[in-house]
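*Asks:* target.txt is the file, holding compact mmCIF, C-alpha atoms:
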# COMPACT_ATOMS: atom_id res chain seq x y z
CA MET A 1 31.44 -62.97 -68.95
CA LYS A 2 33.45 -59.80 -69.08
CA GLY A 3 30.52 -57.95 -70.45
CA GLY A 4 28.35 -59.39 -67.73
CA MET A 5 30.81 -58.31 -65.11
CA LYS A 6 30.80 -54.79 -66.41
CA ILE A 7 27.05 -54.67 -66.35
CA MET A 8 26.98 -55.94 -62.78
CA LYS A 9 29.52 -53.37 -61.69
CA LYS A 10 27.54 -50.58 -63.24
CA GLU A 11 24.36 -51.77 -61.60
CA THR A 12 26.15 -52.07 -58.24
CA LYS A 13 27.45 -48.53 -58.53
CA LYS A 14 23.97 -47.24 -59.30
CA ASN A 15 22.56 -49.15 -56.34
CA LYS A 16 25.18 -47.60 -54.05
CA VAL A 17 24.29 -44.15 -55.27
CA LEU A 18 20.61 -44.87 -54.67
CA VAL A 19 21.25 -46.24 -51.17
CA PHE A 20 23.41 -43.26 -50.26
CA SER A 21 20.71 -40.87 -51.49
CA VAL A 22 18.04 -42.60 -49.40
CA LEU A 23 20.26 -42.63 -46.30
CA SER A 24 21.03 -38.92 -46.72
CA LEU A 25 17.35 -38.08 -47.01
CA PHE A 26 16.56 -40.18 -43.90
CA ALA A 27 19.32 -38.45 -41.93
CA ILE A 28 18.04 -34.99 -42.84
CA THR A 29 14.51 -35.99 -41.87
CA LEU A 30 15.74 -37.45 -38.56
CA VAL A 31 17.71 -34.30 -37.68
CA ALA A 32 14.70 -32.12 -38.47
CA ALA A 33 12.51 -34.30 -36.28
CA ILE A 34 14.73 -34.13 -33.16
CA GLY A 35 15.85 -30.45 -33.32
CA TYR A 36 14.17 -29.73 -29.92
CA TYR A 37 12.67 -31.65 -27.00
CA ALA A 38 9.68 -29.45 -26.24
CA ILE A 39 7.98 -26.15 -27.01
CA PHE A 40 6.42 -23.87 -24.37
CA SER A 41 4.20 -20.88 -24.95
CA ALA A 42 2.62 -18.28 -22.64
CA THR A 43 0.05 -15.62 -23.36
CA PHE A 44 -1.21 -13.36 -20.58
CA THR A 45 -2.49 -9.89 -19.78
CA VAL A 46 -0.76 -7.79 -17.10
CA ASN A 47 -3.04 -5.41 -15.21
CA PRO A 48 -1.74 -2.49 -13.10
CA ALA A 49 -1.34 -3.51 -9.47
CA VAL A 50 -1.99 -0.01 -8.10
CA ILE A 51 -4.49 2.45 -9.54
CA THR A 52 -5.61 5.96 -8.61
CA SER A 53 -8.99 7.62 -8.97
CA GLY A 54 -10.65 10.86 -7.94
CA ASP A 55 -9.83 14.50 -8.63
CA LEU A 56 -6.56 13.95 -10.46
CA VAL A 57 -6.46 17.51 -11.83
CA PHE A 58 -6.92 20.50 -9.50
CA GLU A 59 -6.83 24.13 -10.63
CA GLY A 60 -7.69 27.55 -9.22
CA ASP A 61 -6.62 31.10 -8.36
CA TYR A 62 -5.35 31.69 -4.83
CA TYR A 63 -3.18 34.08 -2.80
CA GLY A 64 0.12 33.92 -1.00
CA GLY A 65 -0.31 32.74 2.57
CA GLN A 66 -3.33 30.56 1.81
CA GLU A 67 -3.66 26.90 2.71
CA ILE A 68 -5.83 25.12 0.18
CA SER A 69 -7.22 21.60 -0.04
CA GLY A 70 -7.02 19.69 -3.30
CA GLY A 71 -9.45 17.01 -4.40
CA GLU A 72 -9.67 13.58 -2.83
CA ILE A 73 -7.49 10.90 -4.42
CA THR A 74 -8.07 7.19 -3.79
CA ILE A 75 -5.16 4.79 -4.20
CA THR A 76 -6.15 1.13 -4.53
CA ASN A 77 -4.02 -2.00 -4.47
CA ASN A 78 -5.68 -4.49 -6.82
CA ALA A 79 -2.92 -7.07 -6.40
CA PRO A 80 -3.23 -10.19 -4.20
CA SER A 81 -0.15 -9.19 -2.15
CA ASP A 82 1.16 -6.16 -0.27
CA ARG A 83 2.42 -3.26 -2.35
CA ILE A 84 4.80 -0.63 -0.97
CA ILE A 85 4.08 2.70 -2.65
CA ASN A 86 5.94 6.01 -2.59
CA ILE A 87 3.87 9.22 -2.61
CA SER A 88 6.06 12.14 -3.69
CA ASP A 89 5.82 15.49 -5.46
CA ASN A 90 7.93 18.22 -7.04
CA SER A 91 7.12 20.96 -4.51
CA GLU A 92 10.61 21.26 -2.99
CA GLY A 93 11.99 24.74 -3.50
CA THR A 94 8.75 26.14 -4.90
CA GLY A 95 7.55 27.98 -1.79
CA VAL A 96 4.55 25.65 -1.56
CA ASN A 97 4.60 23.01 1.18
CA VAL A 98 2.51 19.93 0.38
CA SER A 99 1.16 17.29 2.74
CA TYR A 100 -1.41 14.54 2.30
CA VAL A 101 -4.23 14.06 4.78
CA GLY A 102 -6.49 11.11 5.53
CA THR A 103 -9.73 10.71 7.47
CA LEU A 104 -10.34 8.15 10.21
CA GLU A 105 -13.69 7.18 11.69
CA LEU A 106 -13.61 5.90 15.27
CA SER A 107 -16.48 3.97 16.81
CA GLN A 108 -17.63 2.35 20.00
CA LYS A 109 -17.25 -1.43 19.93
CA ASN A 110 -18.80 -4.30 21.82
CA LEU A 111 -15.92 -5.34 24.10
CA ASP A 112 -16.91 -9.01 23.90
CA THR A 113 -17.33 -9.35 20.13
CA TRP A 114 -15.48 -6.17 19.03
CA THR A 115 -18.24 -5.43 16.55
CA LEU A 116 -19.00 -1.78 15.82
CA GLU A 117 -21.83 -0.21 17.76
CA GLY A 118 -22.83 3.09 19.32
CA GLU A 119 -21.27 6.52 18.86
CA THR A 120 -18.80 7.50 16.14
CA LYS A 121 -16.42 10.42 15.61
CA THR A 122 -14.16 11.43 12.71
CA ILE A 123 -10.68 12.94 12.82
CA ASN A 124 -8.20 14.04 10.17
CA TYR A 125 -4.53 13.07 10.27
CA THR A 126 -1.40 13.43 8.14
CA VAL A 127 -0.55 10.44 5.94
CA VAL A 128 2.51 12.00 4.27
CA GLY A 129 4.15 15.25 5.34
CA GLU A 130 6.96 16.81 7.32
CA THR A 131 4.99 16.63 10.58
CA PHE A 132 2.13 14.54 11.95
CA VAL A 133 -0.85 16.85 12.31
CA VAL A 134 -4.21 15.85 13.75
CA SER A 135 -7.45 17.83 13.64
CA GLY A 136 -10.98 17.16 14.78
CA ILE A 137 -10.30 15.65 18.21
CA PRO A 138 -13.47 16.36 20.24
CA ASP A 139 -12.92 18.49 23.35
CA GLU A 140 -14.25 15.79 25.69
CA TYR A 141 -11.93 13.05 24.38
CA THR A 142 -8.24 12.17 24.51
CA LEU A 143 -6.66 10.66 21.40
CA ILE A 144 -3.98 8.00 21.86
CA TYR A 145 -1.75 5.87 19.66
CA TYR A 146 -2.07 2.30 20.93
CA PRO A 147 0.78 -0.05 19.90
CA ASN A 148 0.94 -3.84 20.00
CA LEU A 149 4.19 -4.25 21.88
CA VAL A 150 7.29 -6.08 20.69
CA SER A 151 7.31 -7.94 24.01
CA GLY A 152 4.17 -9.75 22.90
CA TRP A 153 1.95 -7.95 25.41
CA TYR A 154 -0.81 -5.62 24.42
CA ALA A 155 -0.36 -2.06 25.57
CA GLY A 156 -2.39 -1.82 28.73
CA ILE A 157 -0.85 0.84 30.89
CA SER A 158 -0.56 4.54 30.28
CA THR A 159 3.22 4.42 29.74
CA ASP A 160 2.75 2.20 26.68
CA VAL A 161 0.73 4.68 24.65
CA THR A 162 1.31 8.10 23.09
CA VAL A 163 -1.16 10.92 23.68
CA LEU A 164 -1.88 12.95 20.55
CA ASN A 165 -3.28 16.47 20.32
CA ASN A 166 -4.95 18.70 17.77
CA GLY A 167 -2.18 20.33 15.73
CA VAL A 168 1.42 19.24 15.29
CA ASN A 169 2.56 16.19 17.26
CA THR A 170 6.19 15.34 17.96
CA ILE A 171 6.18 11.74 16.85
CA GLY A 172 7.97 9.58 14.31
CA ASP A 173 6.44 7.44 11.61
CA LEU A 174 3.37 5.38 12.46
CA PRO A 175 3.30 2.57 13.24
CA ASP A 176 6.45 2.90 15.33
CA THR A 177 8.05 -0.39 14.33
CA SER A 178 10.61 -0.20 17.15
CA ILE A 179 7.84 -0.98 19.65
CA ASP A 180 4.79 -1.92 17.57
CA VAL A 181 4.65 -5.33 15.89
CA GLY A 182 0.96 -5.07 15.10
CA ASP A 183 -1.29 -8.11 15.19
CA ASP A 184 -3.07 -10.38 12.74
CA TYR A 185 -5.56 -7.59 12.21
CA CYS A 186 -7.35 -8.92 9.14
CA ASN A 187 -7.55 -12.55 10.28
CA ASN A 188 -8.18 -12.42 14.03
CA THR A 189 -12.02 -12.46 13.51
CA TYR A 190 -12.44 -9.12 15.33
CA ASN A 191 -12.24 -7.00 12.18
CA PRO A 192 -14.26 -8.91 9.56
CA ASN A 193 -14.50 -5.97 7.15
CA ALA A 194 -10.86 -4.90 7.38
CA THR A 195 -8.80 -4.76 4.19
CA GLN A 196 -5.80 -2.72 5.40
CA CYS A 197 -3.85 -5.14 7.58
CA VAL A 198 -0.75 -3.03 8.32
CA GLY A 199 -0.80 0.17 10.37
CA ALA A 200 -1.35 1.87 13.72
CA LYS A 201 -4.37 2.00 16.03
CA LEU A 202 -5.73 5.36 17.20
CA TRP A 203 -8.32 5.46 20.00
CA LEU A 204 -10.48 8.23 21.46
CA ILE A 205 -10.94 7.76 25.21
CA LEU A 206 -13.64 9.82 26.92
CA GLY A 207 -12.20 12.32 29.40
CA ASP A 208 -9.16 14.55 29.72
CA GLU A 209 -5.68 13.03 29.59
CA THR A 210 -5.59 12.10 33.29
CA ILE A 211 -9.00 10.43 33.23
CA ALA A 212 -8.35 8.75 29.89
CA LEU A 213 -5.07 7.17 30.96
CA ALA A 214 -6.60 6.00 34.24
CA LYS A 215 -9.37 4.29 32.25
CA LEU A 216 -6.73 2.60 30.13
CA ASP A 217 -4.82 1.38 33.19
CA ASN A 218 -8.03 -0.10 34.62
CA TRP A 219 -9.33 -1.22 31.21
CA SER A 220 -12.55 0.71 31.72
CA MET A 221 -13.13 1.20 28.00
CA ALA A 222 -16.86 0.82 27.36
CA ASP A 223 -17.24 4.43 26.16
CA THR A 224 -13.98 4.44 24.17
CA LEU A 225 -14.10 5.00 20.41
CA PHE A 226 -11.80 2.53 18.68
CA GLU A 227 -10.26 2.57 15.20
CA THR A 228 -12.37 1.27 12.33
CA GLU A 229 -9.24 0.83 10.22
CA LEU A 230 -5.48 1.04 10.68
CA ILE A 231 -3.67 4.26 9.76
CA GLN A 232 -0.15 5.04 8.56
CA TYR A 233 2.02 8.15 8.69
CA ASN A 234 5.35 8.36 6.89
CA SER A 235 7.31 11.57 6.47
CA GLY A 236 9.12 10.14 3.44
CA GLY A 237 5.98 9.02 1.62
CA ILE A 238 6.48 5.25 1.99
CA ILE A 239 3.13 3.53 2.57
CA THR A 240 2.21 -0.18 2.58
CA LEU A 241 -1.10 -1.10 0.97
CA SER A 242 -2.53 -4.51 1.81
CA PRO A 243 -4.18 -6.67 -0.88
CA ARG A 244 -7.40 -5.06 -2.19
CA ALA A 245 -7.01 -2.15 0.25
CA SER A 246 -7.61 1.50 -0.62
CA LEU A 247 -6.25 4.72 0.85
CA THR A 248 -8.00 8.05 0.31
CA ILE A 249 -5.86 11.17 0.70
CA THR A 250 -6.40 14.89 0.21
CA PRO A 251 -3.43 17.06 -0.86
CA ILE A 252 -2.98 20.19 1.28
CA TYR A 253 -1.08 23.04 -0.39
CA ASP A 254 0.38 25.56 2.07
CA ILE A 255 1.42 28.57 -0.03
CA GLY A 256 4.19 30.81 1.29
CA ALA A 257 3.12 34.33 2.26
CA TYR A 258 5.26 36.05 -0.38
CA GLU A 259 4.66 33.66 -3.27
CA SER A 260 3.14 34.74 -6.59
CA GLY A 261 3.01 33.41 -10.13
CA ASP A 262 2.06 30.11 -11.72
CA TYR A 263 2.80 26.84 -9.95
CA ASN A 264 2.47 23.28 -11.22
CA ILE A 265 2.72 20.75 -8.41
CA THR A 266 2.77 17.16 -9.64
CA THR A 267 2.26 14.23 -7.28
CA THR A 268 3.59 10.80 -8.20
CA VAL A 269 2.46 7.46 -6.78
CA ALA A 270 5.20 4.94 -7.55
Kindly transcribe the structure held in the file into structure tokens.
*Replies:*
Amino acid sequence: MKGGMKIMKKETKKNKVLVFSVLSLFAITLVAAIGYYAIFSATFTVNPAVITSGDLVFEGDYYGGQEISGGEITITNNAPSDRIINISDNSEGTGVNVSYVGTLELSQKNLDTWTLEGETKTINYTVVGETFVVSGIPDEYTLIYYPNLVSGWYAGISTDVTVLNNGVNTIGDLPDTSIDVGDDYCNNTYNPNATQCVGAKLWLILGDETIALAKLDNWSMADTLFETELIQYNSGGIITLSPRASLTITPIYDIGAYESGDYNITTTVA
């Protein structure tokens, strides 16, 4: 009996060791199995929202006192939302004043459907620069800036608009957000091909300033040339590009009369 008891005790001890070993292995397996609740993974490609194309390098030999035009640069917003860009350069203190000029085509429109038809004219205007300069206004026309008023009314009388002239114009940034709230330009069905939805409207009204403003007051606008796209001017270089919209600018380098030597002007679009 004693011997049997000893044997049983030994077997019981071995069984306990075996059970403990199995339980330990099960616990380790269980911990490994519930170490996390879920796993997430993401793989994607990020494309640049804003790209530039055109004559990105411009070189030449010039003289002090010259004003020279660089190559056209097109800035495109490929993103599905507005992008605010900053056009700047390193020209400060160099003796070379730089501005950036855009081109606007104006066209007659059917006043019922607002579709383009009839005569067209083209003007040049400053996009970024110390002053807002316009060139190319035909002699027989008056150019105006036409705001959509904060009051909710469309500008319709001569006191609501700003007359612009060839050369330097004393005006702030365009659009003038203190009075101009714009409209739903890209979705109001009147501008089916528009991509730039933020900006100012420039119109060419046939006649001198007196005749042009009288036509505006009476809404006698059949021979008016309206904007084909919205424009922006910002002295600090801040421009809003709508989704899929492009802006083409030409750098203008105004070299000081007494300048000489090598100059490297770099423009940044940020």
*Asks:* Could you check how far atom CA of A:Glu67 sits from atom CA of A:Asp89, in Å to one decimal?
*Replies:*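 Answer for the atom CA of A:Glu67 to atom CA of A:Asp89 separation: 16.9 Å.
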*Asks:* Sort by chain and increasing residue number a table of all residues of stretch 25-118 of chain A within 9 Å of stretch 194-208 of chain A, each with its closest pair of atoms and their distance in Å to one decimal, counting only C-alpha atoms, and write it as a Markdown table.
*Replies:*
| residue | atom | partner | partner_atom | distance |
| --- | --- | --- | --- | --- |
| A:Leu104 | CA | A:Leu202 | CA | 8.8 |
| A:Leu106 | CA | A:Trp203 | CA | 7.1 |
| A:Ser107 | CA | A:Leu204 | CA | 8.7 |
*Asks:* Set the distance at 7 Å and use all atoms listed in the file: which residues neighbour stretch 59-65 of chain A once local chain neighbours fewer than 4 positions away are removed? I'd like the list as a list in words.
*Replies:*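 Surrounding residues, per the criterion: Ile255, Gly256, Ala257, Tyr258, Glu259 and Ser260 of chain A.
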*Asks:* Smallest atom-to-atom distance to A:Ile87: which of A:Ala49, A:Val133, A:Val161, A:Val128, using only C-alpha atoms?
*Replies:*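 Residue with the minimum atom-to-atom distance to A:Ile87: A:Val128.
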*Asks:* Using all atoms listed in the file, can you list as a PyMOL selection string the residues within 12 Å of (-8.0, 4.4, 21.1)?
*Replies:* chain A and resi 104-109+121+137+141-147+155-156+158+161-164+200-206+212-213+215-216+219+221-230
*Asks:* Which value, in Å to one decimal, gives the distance between atom CA of A:Pro80 and atom CA of A:Pro243?
*Replies:* 4.9 Å
*Asks:* Would you save stretch 34-48 of chain A to a file, keeping N, CA and C atoms, as a PDB file, in the first residue's frame?
*Replies:*
ATOM      1  N   ILE A  34      -4.900  37.712 -29.353  1.00  0.00           N
ATOM      2  CA  ILE A  34      -5.711  38.903 -29.086  1.00  0.00           C
ATOM      3  C   ILE A  34      -4.830  40.119 -28.799  1.00  0.00           C
ATOM      4  N   GLY A  35      -3.633  40.212 -29.422  1.00  0.00           N
ATOM      5  CA  GLY A  35      -2.741  41.341 -29.211  1.00  0.00           C
ATOM      6  C   GLY A  35      -3.221  42.625 -29.860  1.00  0.00           C
ATOM      7  N   TYR A  36      -4.200  42.606 -30.757  1.00  0.00           N
ATOM      8  CA  TYR A  36      -4.769  43.787 -31.410  1.00  0.00           C
ATOM      9  C   TYR A  36      -6.185  43.455 -31.858  1.00  0.00           C
ATOM     10  N   TYR A  37      -6.979  44.508 -32.094  1.00  0.00           N
ATOM     11  CA  TYR A  37      -8.359  44.338 -32.522  1.00  0.00           C
ATOM     12  C   TYR A  37      -8.511  44.388 -34.034  1.00  0.00           C
ATOM     13  N   ALA A  38      -7.658  45.196 -34.673  1.00  0.00           N
ATOM     14  CA  ALA A  38      -7.780  45.334 -36.129  1.00  0.00           C
ATOM     15  C   ALA A  38      -6.485  45.890 -36.695  1.00  0.00           C
ATOM     16  N   ILE A  39      -6.301  45.713 -37.984  1.00  0.00           N
ATOM     17  CA  ILE A  39      -5.157  46.266 -38.708  1.00  0.00           C
ATOM     18  C   ILE A  39      -5.687  47.070 -39.890  1.00  0.00           C
ATOM     19  N   PHE A  40      -5.163  48.305 -40.066  1.00  0.00           N
ATOM     20  CA  PHE A  40      -5.524  49.129 -41.213  1.00  0.00           C
ATOM     21  C   PHE A  40      -4.278  49.430 -42.029  1.00  0.00           C
ATOM     22  N   SER A  41      -4.463  49.543 -43.323  1.00  0.00           N
ATOM     23  CA  SER A  41      -3.342  49.849 -44.205  1.00  0.00           C
ATOM     24  C   SER A  41      -3.803  50.801 -45.298  1.00  0.00           C
ATOM     25  N   ALA A  42      -2.936  51.717 -45.705  1.00  0.00           N
ATOM     26  CA  ALA A  42      -3.261  52.660 -46.786  1.00  0.00           C
ATOM     27  C   ALA A  42      -2.058  52.818 -47.699  1.00  0.00           C
ATOM     28  N   THR A  43      -2.320  52.740 -48.987  1.00  0.00           N
ATOM     29  CA  THR A  43      -1.287  52.973 -49.991  1.00  0.00           C
ATOM     30  C   THR A  43      -1.848  53.933 -51.028  1.00  0.00           C
ATOM     31  N   PHE A  44      -1.191  55.048 -51.248  1.00  0.00           N
ATOM     32  CA  PHE A  44      -1.709  56.014 -52.214  1.00  0.00           C
ATOM     33  C   PHE A  44      -0.577  56.824 -52.818  1.00  0.00           C
ATOM     34  N   THR A  45      -0.885  57.450 -53.939  1.00  0.00           N
ATOM     35  CA  THR A  45       0.061  58.325 -54.634  1.00  0.00           C
ATOM     36  C   THR A  45      -0.420  59.763 -54.517  1.00  0.00           C
ATOM     37  N   VAL A  46       0.444  60.671 -54.117  1.00  0.00           N
ATOM     38  CA  VAL A  46       0.101  62.088 -53.995  1.00  0.00           C
ATOM     39  C   VAL A  46       0.662  62.831 -55.202  1.00  0.00           C
ATOM     40  N   ASN A  47      -0.218  63.462 -55.956  1.00  0.00           N
ATOM     41  CA  ASN A  47       0.182  64.243 -57.122  1.00  0.00           C
ATOM     42  C   ASN A  47       0.215  65.727 -56.762  1.00  0.00           C
ATOM     43  N   PRO A  48       1.071  66.517 -57.391  1.00  0.00           N
ATOM     44  CA  PRO A  48       1.121  67.955 -57.081  1.00  0.00           C
ATOM     45  C   PRO A  48      -0.190  68.637 -57.449  1.00  0.00           C
TER      46      PRO A  48
END
